[in-house]
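Asker: Here's a structure for you.
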Amino acid sequence: MKILLAFDGSEGAKLALKFALKFKDVIEKMTVLYVTPAVMGSGPTFDSYVPSTVYIKQDEAADKILQISSTMLSDSGVNFDIEKMDATGDQIAKVIVRAAEEKSCDMIISGTRKLSGLSKVILGSVSSEIVKLSKIPVLICPPPD
């Protein structure tokens, strides 16, 4: 079985990774994916300058987050790859689903932060969008209470 694990370093993502390891005997390959969110919107009427240091810091943060997943998987015996992609104006969920399809994954696993109210309206719910967009089975792991 090929699994794509969406990982953002949150407690929900860490629990999702731990849960995914319950499938380790049937995992052919696990891809751990972090999607760097777009720094700013884009479009024909959107004109702004973003200093390169912002992108450098964002890339460093992504590397630190992915190092957490690598450490968690290092002694698991699971064949895994670590990847990061940029959202570049697209929804994070679309990038995750597209990556899973391109890799012919059998399942997407993601954590959730259980956002609600205004937080969900402002930040959106990546896990909810993954479920809506995916034709591949999706397993969502809730965070601790």
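Order determines the names: the first chain of the structure tokens is A, the second B, and so forth; residues in each chain are numbered 1 upward, and ligands are numbered 1 upward as they are shown.
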If you run DSSP over the backbone, which residues in chain A end up helix (DSSP H, G or I)? Put them as an MDAnalysis selection string.
Answerer: chainID A and resid 11:23 52:73 92:102 117:123 126:133
Asker: How many Å separate CA of Ser110 in chain A from CA of Val78 in chain A?
Answerer: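 CA of Val78 in chain A lies at a distance of 17.4 Å from CA of Ser110 in chain A.
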Asker: Skipping near chain neighbours, those fewer than 3 positions away, what residues fall within 9 Å of Ala38 in chain A using only C-alpha atoms, listed as an MDAnalysis selection string?
Answerer: chainID A and resid 41 86:92
Asker: Which residue out of A:Ile140, A:Leu17, A:Leu5, A:Leu133 has the minimum interatomic distance to Thr71 in chain A when only C-alpha atoms are used?
Answerer: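 Using only C-alpha atoms, Thr71 in chain A sits closest to A:Leu17.
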Asker: Given the choices A:Ala16, A:Ile136, A:Leu73, A:Val32, which gets closest to Ser104 in chain A if the distance is worked out from only C-alpha atoms?
Answerer: A:Ile136
Asker: Using only C-alpha atoms, determine which residues lie at most 12 Å from Met30 in chain A, disregarding the query and same-chain residues fewer than 4 positions distant; provide the list as a ChimeraX atom specification.
Answerer: /A:1-7,17,20-21,23-26,69-70,73,76-83,100,103-109
Asker: Counting only C-alpha atoms, which of A:Pro142, A:Gly111, A:Pro37, A:Gly9 gets nearest to Leu66 in chain A?
Answerer: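 Closest candidate: A:Gly9.
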Asker: What gap, in Å, lies between CA of Thr31 in chain A and CA of Ser125 in chain A?
Answerer: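 CA of Ser125 in chain A lies at a distance of 21.2 Å from CA of Thr31 in chain A.
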Asker: Tell me which protein, DNA and RNA residues are within 8 Å of Ile130 in chain A, counting only C-alpha atoms, leaving out same-chain ones fewer than 3 positions away, and put them as a short mmCIF file (atom, residue, chain, number, x, y, z; two decimals) with C-alpha atoms, in the first residue's frame.
Answerer:
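What ended up in selection.cif:
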```cif
data_model
loop_
_atom_site.label_atom_id
_atom_site.label_comp_id
_atom_site.auth_asym_id
_atom_site.auth_seq_id
_atom_site.Cartn_x
_atom_site.Cartn_y
_atom_site.Cartn_z
CA ALA A 93 -5.56 20.50 0.02
CA LYS A 94 -5.46 20.57 -3.79
CA ILE A 96 -1.94 17.23 -1.33
CA VAL A 97 -4.62 15.45 -3.37
CA VAL A 126 -7.24 21.51 5.04
CA SER A 127 -8.44 18.09 6.19
CA LEU A 133 -11.51 16.81 -3.25
CA SER A 134 -10.05 13.32 -3.04
CA VAL A 138 -8.77 9.59 3.26
#
```
Asker: Could you name the residues that touch Lys84 in chain A at 10 Å or less, counting only C-alpha atoms, but leaving out those on the same chain fewer than 6 positions away, as a tab-separated table (two decimals) with C-alpha atoms, in the first residue's frame?
Answerer:
```tsv
chain	number	residue	atom	x	y	z
A	7	PHE	CA	2.30	16.56	7.75
A	32	VAL	CA	5.42	12.45	4.06
A	33	LEU	CA	4.41	15.73	2.47
A	34	TYR	CA	4.58	19.25	3.81
A	35	VAL	CA	2.98	21.96	1.70
A	36	THR	CA	4.36	25.43	2.21
A	59	ASP	CA	11.76	27.02	3.78
A	62	ALA	CA	9.41	23.51	6.54
A	63	ASP	CA	12.74	21.66	6.91
A	66	LEU	CA	9.87	17.58	8.13
```
Asker: For the structure I just gave you, how does DSSP split chain A - specifically, which residues are strand (DSSP E)? Reply as a list of chain:residue names.
Answerer: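 DSSP on the backbone gives strand (DSSP E) at A:Lys2, A:Ile3, A:Leu4, A:Leu5, A:Ala6, A:Lys29, A:Met30, A:Thr31, A:Val32, A:Leu33, A:Tyr34, A:Val35, A:Thr36, A:Phe80, A:Asp81, A:Ile82, A:Glu83, A:Lys84, A:Met85, A:Asp86, A:Met107, A:Ile108, A:Ile109, A:Ser110, A:Gly111, A:Val138, A:Leu139, A:Ile140, A:Cys141.
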Asker: Measure the distance from CA of Met72 in chain A to CA of Ala99 in chain A in Å and round it to one decimal.
Answerer: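 These atoms are spaced 21.9 Å apart.
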